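Below: one structure, written as structure tokens.
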Amino acid sequence: MNGKREKTNAHGAGRILSYEPLKVHCDACDQDFNSWESFGRHVDKIVDKSAATRREAVMDVLADHLGDIGMEGGWDDPQVTPDGSIKCGCLAEFPDITEWRAHLAAAILGSVDACEESLKARETDE
């Protein structure tokens with residue numbers, strides 16, 4: 001899975017197994033939780049986890065900002081708005097292509113940096 005939207009969609013559709021006591025099931029992980037709050041923390045932890053590799057970090061950003069290719073053969077995201085600005089897949093809007101590309105570059109570099117920091121922290125813990 002790549003990107004926060006895809007991870008949220010895969011894990012964010014918990015289903016109730018029982019009401020008394022409450023059991024919420026995550027089909028993606030095959031785990032049960034005793035409250036919607038604990039299920040939500042589970043999803044947040046997955047979505048917020050840094051990528052394991054630089055490649056995965058870049059793929060996550062591209063998934064979040066470009067989305068999927070639509071049925072008509074084009075990208076579902078981003079979109080050019082009626083006033084000519086660019087609406088990114090992350091829902092931020094930019095006045096021109098240069099600003100949008102700068103936004104993508106910053107997002108990619110930020111994700112790669114977070115990945116590298118996470119890798120260093122894991123190596124230190126071991």
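Ordered as shown in the structure tokens, chains take letters A, B, and onward, while each chain numbers its residues from 1 and ligands are numbered from 1 in the order shown.
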Using only C-alpha atoms, I'd like a table of the residues in stretch 47-104 of chain A that come within 12 Å of stretch 2-6 of chain A; for each, show the closest atom pair and its distance in Å rounded to one decimal, ordered by chain and ascending number, as a tab-separated table.
residue	atom	partner	partner_atom	distance
A:Val47	CA	A:Lys4	CA	5.5
A:Asp48	CA	A:Lys4	CA	7.8
A:Lys49	CA	A:Lys4	CA	9.6
A:Ser50	CA	A:Lys4	CA	10.7
A:Ala51	CA	A:Asn2	CA	9.3
A:Ala52	CA	A:Asn2	CA	11.6
A:Arg55	CA	A:Asn2	CA	10.7
A:Glu56	CA	A:Asn2	CA	7.4
A:Ala57	CA	A:Asn2	CA	8.6
A:Val58	CA	A:Asn2	CA	9.3
A:Met59	CA	A:Asn2	CA	6.1
A:Asp60	CA	A:Gly3	CA	4.0
A:Val61	CA	A:Gly3	CA	6.2
A:Leu62	CA	A:Gly3	CA	7.5
A:Ala63	CA	A:Gly3	CA	5.0
A:Asp64	CA	A:Gly3	CA	5.0
A:His65	CA	A:Gly3	CA	8.6
A:Leu66	CA	A:Gly3	CA	10.0
A:Gly67	CA	A:Arg5	CA	8.7
A:Asp68	CA	A:Glu6	CA	10.2
A:Gly89	CA	A:Arg5	CA	9.9
A:Cys90	CA	A:Arg5	CA	9.3
A:Leu91	CA	A:Arg5	CA	11.9
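Distances from A:Ala121, A:Val80, A:Ala13, A:Val24 to A:Phe94 were compared using only C-alpha atoms, and the smallest one belongs to A:Val80.
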- request: Within 8 Å of A:Glu116, counting only C-alpha atoms, which residues show up once you throw out same-chain ones fewer than 3 positions away? Write them as an NGL selection string, please.
  value: :A and (53-54 or 112-113 or 119-120)
- request: Write out as a list in words all residues of stretch 57-109 of chain A that backbone DSSP assigns to strand (DSSP E).
  value: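 Across stretch 57-109 of chain A, those assigned strand (DSSP E) are Gln79, Val80, Ile86, Lys87, Glu93 and Phe94 of chain A.
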- request: Quick one: pull the distance between atom CA of A:Asp77 and atom CA of A:Ala10, Å, one decimal.
  value: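 Value for the atom CA of A:Asp77-atom CA of A:Ala10 distance: 19.3 Å.
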